[in-house]
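Asker: Here it is, the structure, as structure tokens.
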Amino acid sequence: MRFVPISLFGLSLLAASWAFADGLDSPESQYAYTIGQRIGQLLKGQVTGELDADAFAAGVKDYLNGSPPRLSKAQMKKALQEARARAAALREKKAAEALEKGKRFREQNAKKAGVKTLADGLQYEVLKEGDGESPKASDRVQVHYRGTLIDGKEFDSSYKRGKPAEFSLKGVVPGFREAITRMKPGAKWRVVMPPELAYGKRGAGADIGPNETLVFEIELLKVLK
């Protein structure tokens, strides 16, 4: 294993080749690995297709070592433009696929006993009845919820955090707001939201892609006037 001394933020670090196989016992290697993880998280959140890990590592290493770039500014500019074009095409493809899969999922879900479909496409199933006055769209509420994609992949859960969420209904997606304003305190519903009532074509972060149909279990605990 070859180590190359580098300087970053005034700290003396060690940069290893991409084929890193040693332990992470020193503060320097632990710090460097943590920075790598953070960068990886940022990159994974972007829809850019496959990233050549070796070429990426070479670019980082050359810059930190002060080595001349292996590509010209014109070449790098062109590479970024082409990557953005590929990412846009890939996103359009994923959006179309998600739209079709979500439509089929909602069609099947609508056939299940107990599922009601509203005029705007929102579907819900009452798992537990509530009692009292439903919240208004201007209210704050306390809820427990779990959100998944149609394949069951969980993207958020107040249950896992061990604490109910409190928020204003003005600040949530339309499907979430519409469902909760129809519920009564103590109720628990399973709600299926078409993309136009959720995050639409833009998606949300790395977990919710464009045009995703979302499934929520929502438990209305309190209305906070």
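Ordering of the structure tokens sets the chain letters (A, B, ...); residue numbers start at 1 within each chain; ligands are numbered from 1 in the order shown.
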Would you pick out the contacts of range 190-193 of chain A at 9 Å or less, using only C-alpha atoms, so that residues sharing its chain but fewer than 4 positions from it are not included, and give the list as a list in words?
Answerer: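 Listing them by chain and then by number gives Arg106, Asn109, Val115, Gly121, Leu122, Gln123, Tyr124, Glu125, Val126, Leu127, Ile150, Gly175, Phe176, Ala179, Leu197, Ala198, Glu212, Thr213, Leu214, Val215, Phe216, Glu217, Ile218 and Glu219 of chain A.
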Asker: If you run DSSP on the backbone here, which positions in range 80-124 of chain A get alpha helix (DSSP H)? Please write them as a PyMOL selection string.
Answerer: chain A and resi 80-110
Asker: Can those selected residues be exported to a file as a PDB file, in the first residue's frame so that it contains N, CA and C atoms?
Answerer:
```pdb
ATOM      1  N   LEU A  80     -18.760  17.411 -18.250  1.00  0.00           N
ATOM      2  CA  LEU A  80     -19.856  17.778 -17.353  1.00  0.00           C
ATOM      3  C   LEU A  80     -21.156  17.968 -18.120  1.00  0.00           C
ATOM      4  N   GLN A  81     -21.086  18.630 -19.284  1.00  0.00           N
ATOM      5  CA  GLN A  81     -22.285  18.856 -20.087  1.00  0.00           C
ATOM      6  C   GLN A  81     -22.885  17.540 -20.558  1.00  0.00           C
ATOM      7  N   GLU A  82     -22.031  16.618 -20.997  1.00  0.00           N
ATOM      8  CA  GLU A  82     -22.520  15.323 -21.470  1.00  0.00           C
ATOM      9  C   GLU A  82     -23.104  14.505 -20.323  1.00  0.00           C
ATOM     10  N   ALA A  83     -22.490  14.606 -19.129  1.00  0.00           N
ATOM     11  CA  ALA A  83     -23.004  13.878 -17.968  1.00  0.00           C
ATOM     12  C   ALA A  83     -24.373  14.397 -17.570  1.00  0.00           C
ATOM     13  N   ARG A  84     -24.536  15.724 -17.623  1.00  0.00           N
ATOM     14  CA  ARG A  84     -25.845  16.310 -17.292  1.00  0.00           C
ATOM     15  C   ARG A  84     -26.904  15.847 -18.291  1.00  0.00           C
ATOM     16  N   ALA A  85     -26.531  15.778 -19.555  1.00  0.00           N
ATOM     17  CA  ALA A  85     -27.482  15.322 -20.582  1.00  0.00           C
ATOM     18  C   ALA A  85     -27.873  13.859 -20.347  1.00  0.00           C
ATOM     19  N   ARG A  86     -26.890  13.016 -20.008  1.00  0.00           N
ATOM     20  CA  ARG A  86     -27.197  11.613 -19.722  1.00  0.00           C
ATOM     21  C   ARG A  86     -28.073  11.488 -18.478  1.00  0.00           C
ATOM     22  N   ALA A  87     -27.769  12.317 -17.472  1.00  0.00           N
ATOM     23  CA  ALA A  87     -28.556  12.280 -16.240  1.00  0.00           C
ATOM     24  C   ALA A  87     -29.999  12.693 -16.499  1.00  0.00           C
ATOM     25  N   ALA A  88     -30.185  13.724 -17.333  1.00  0.00           N
ATOM     26  CA  ALA A  88     -31.539  14.189 -17.655  1.00  0.00           C
ATOM     27  C   ALA A  88     -32.313  13.097 -18.399  1.00  0.00           C
ATOM     28  N   ALA A  89     -31.648  12.427 -19.341  1.00  0.00           N
ATOM     29  CA  ALA A  89     -32.310  11.353 -20.088  1.00  0.00           C
ATOM     30  C   ALA A  89     -32.665  10.189 -19.176  1.00  0.00           C
ATOM     31  N   LEU A  90     -31.744   9.858 -18.260  1.00  0.00           N
ATOM     32  CA  LEU A  90     -31.998   8.769 -17.326  1.00  0.00           C
ATOM     33  C   LEU A  90     -33.146   9.114 -16.394  1.00  0.00           C
ATOM     34  N   ARG A  91     -33.183  10.358 -15.951  1.00  0.00           N
ATOM     35  CA  ARG A  91     -34.261  10.791 -15.061  1.00  0.00           C
ATOM     36  C   ARG A  91     -35.612  10.733 -15.762  1.00  0.00           C
ATOM     37  N   GLU A  92     -35.658  11.133 -17.034  1.00  0.00           N
ATOM     38  CA  GLU A  92     -36.896  11.066 -17.805  1.00  0.00           C
ATOM     39  C   GLU A  92     -37.365   9.617 -17.957  1.00  0.00           C
ATOM     40  N   LYS A  93     -36.417   8.728 -18.185  1.00  0.00           N
ATOM     41  CA  LYS A  93     -36.753   7.301 -18.325  1.00  0.00           C
ATOM     42  C   LYS A  93     -37.314   6.760 -17.007  1.00  0.00           C
ATOM     43  N   LYS A  94     -36.652   7.088 -15.890  1.00  0.00           N
ATOM     44  CA  LYS A  94     -37.107   6.613 -14.585  1.00  0.00           C
ATOM     45  C   LYS A  94     -38.477   7.204 -14.245  1.00  0.00           C
ATOM     46  N   ALA A  95     -38.695   8.462 -14.620  1.00  0.00           N
ATOM     47  CA  ALA A  95     -39.971   9.113 -14.346  1.00  0.00           C
ATOM     48  C   ALA A  95     -41.105   8.406 -15.084  1.00  0.00           C
ATOM     49  N   ALA A  96     -40.863   8.057 -16.339  1.00  0.00           N
ATOM     50  CA  ALA A  96     -41.886   7.374 -17.140  1.00  0.00           C
ATOM     51  C   ALA A  96     -42.170   5.979 -16.579  1.00  0.00           C
ATOM     52  N   GLU A  97     -41.112   5.272 -16.188  1.00  0.00           N
ATOM     53  CA  GLU A  97     -41.286   3.925 -15.634  1.00  0.00           C
ATOM     54  C   GLU A  97     -42.050   3.969 -14.313  1.00  0.00           C
ATOM     55  N   ALA A  98     -41.687   4.927 -13.446  1.00  0.00           N
ATOM     56  CA  ALA A  98     -42.351   5.043 -12.147  1.00  0.00           C
ATOM     57  C   ALA A  98     -43.821   5.410 -12.311  1.00  0.00           C
ATOM     58  N   LEU A  99     -44.108   6.262 -13.309  1.00  0.00           N
ATOM     59  CA  LEU A  99     -45.489   6.669 -13.552  1.00  0.00           C
ATOM     60  C   LEU A  99     -46.350   5.474 -13.931  1.00  0.00           C
ATOM     61  N   GLU A 100     -45.819   4.619 -14.791  1.00  0.00           N
ATOM     62  CA  GLU A 100     -46.565   3.444 -15.254  1.00  0.00           C
ATOM     63  C   GLU A 100     -46.709   2.410 -14.130  1.00  0.00           C
ATOM     64  N   LYS A 101     -45.631   2.156 -13.397  1.00  0.00           N
ATOM     65  CA  LYS A 101     -45.691   1.190 -12.285  1.00  0.00           C
ATOM     66  C   LYS A 101     -46.669   1.663 -11.207  1.00  0.00           C
ATOM     67  N   GLY A 102     -46.631   2.963 -10.916  1.00  0.00           N
ATOM     68  CA  GLY A 102     -47.531   3.512  -9.904  1.00  0.00           C
ATOM     69  C   GLY A 102     -48.986   3.401 -10.319  1.00  0.00           C
ATOM     70  N   LYS A 103     -49.242   3.619 -11.607  1.00  0.00           N
ATOM     71  CA  LYS A 103     -50.616   3.514 -12.117  1.00  0.00           C
ATOM     72  C   LYS A 103     -51.143   2.092 -11.953  1.00  0.00           C
ATOM     73  N   ARG A 104     -50.314   1.111 -12.310  1.00  0.00           N
ATOM     74  CA  ARG A 104     -50.733  -0.284 -12.176  1.00  0.00           C
ATOM     75  C   ARG A 104     -50.942  -0.659 -10.700  1.00  0.00           C
ATOM     76  N   PHE A 105     -50.055  -0.163  -9.846  1.00  0.00           N
ATOM     77  CA  PHE A 105     -50.173  -0.440  -8.406  1.00  0.00           C
ATOM     78  C   PHE A 105     -51.478   0.116  -7.852  1.00  0.00           C
ATOM     79  N   ARG A 106     -51.821   1.346  -8.232  1.00  0.00           N
ATOM     80  CA  ARG A 106     -53.043   1.976  -7.716  1.00  0.00           C
ATOM     81  C   ARG A 106     -54.291   1.290  -8.263  1.00  0.00           C
ATOM     82  N   GLU A 107     -54.226   0.826  -9.510  1.00  0.00           N
ATOM     83  CA  GLU A 107     -55.361   0.103 -10.090  1.00  0.00           C
ATOM     84  C   GLU A 107     -55.634  -1.175  -9.307  1.00  0.00           C
ATOM     85  N   GLN A 108     -54.571  -1.887  -8.943  1.00  0.00           N
ATOM     86  CA  GLN A 108     -54.741  -3.116  -8.157  1.00  0.00           C
ATOM     87  C   GLN A 108     -55.175  -2.805  -6.733  1.00  0.00           C
ATOM     88  N   ASN A 109     -54.608  -1.753  -6.167  1.00  0.00           N
ATOM     89  CA  ASN A 109     -54.951  -1.382  -4.791  1.00  0.00           C
ATOM     90  C   ASN A 109     -56.422  -0.988  -4.677  1.00  0.00           C
ATOM     91  N   ALA A 110     -56.945  -0.329  -5.703  1.00  0.00           N
ATOM     92  CA  ALA A 110     -58.334   0.129  -5.684  1.00  0.00           C
ATOM     93  C   ALA A 110     -59.318  -1.042  -5.606  1.00  0.00           C
TER      94      ALA A 110
END
```
Asker: Using CA of Glu133 in chain A and CA of Lys184 in chain A as the two end points, give the distance in Å to one decimal.
Answerer: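 According to the coordinates, CA of Glu133 in chain A and CA of Lys184 in chain A are separated by 5.8 Å.
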Asker: Looking at only C-alpha atoms, which of A:Asp151, A:Glu129, A:Asp62, A:Glu166 is the one that sits closest to Val223 in chain A?
Answerer: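 Looking only at the distances to Val223 in chain A, the closest residue turns out to be A:Glu166.
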Asker: Which distance in Å separates CA of Ala79 in chain A and CA of Leu43 in chain A, to one decimal?
Answerer: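 Going from CA of Ala79 in chain A over to CA of Leu43 in chain A, I get 16.1 Å.
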Asker: Could you work out how far CA of Lys222 in chain A lies from CA of Arg161 in chain A, giving the answer in Å with one decimal?
Answerer: 18.1 Å
Asker: As number ranges by chain, please: every residue in range 42-192 of chain A that DSSP puts in strand (DSSP E or B).
Answerer: A: 115-117, 123-128, 140-149, 154-157, 165-168, 188-192
Asker: Taking into account only C-alpha atoms, which residue in the set A:Lys78, A:Lys201, A:Lys188, A:Lys170 is nearest to Lys128 in chain A?
Answerer: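 Smallest distance to Lys128 in chain A is found for A:Lys188.
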Asker: Give me the residues near Ile180 in chain A as an NGL selection string, where near means some atom within 9 Å (using only C-alpha atoms) and where sequence neighbours in that chain fewer than 6 positions away do not count.
Answerer: :A and (134-137 or 141 or 169 or 218-220)
Asker: When distances are computed from only C-alpha atoms, which of A:Phe56, A:Asp131, A:Val172, A:Leu118 shows the smallest separation from Pro194 in chain A?
Answerer: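 Once distances to Pro194 in chain A are computed over only C-alpha atoms, the minimum belongs to A:Leu118.
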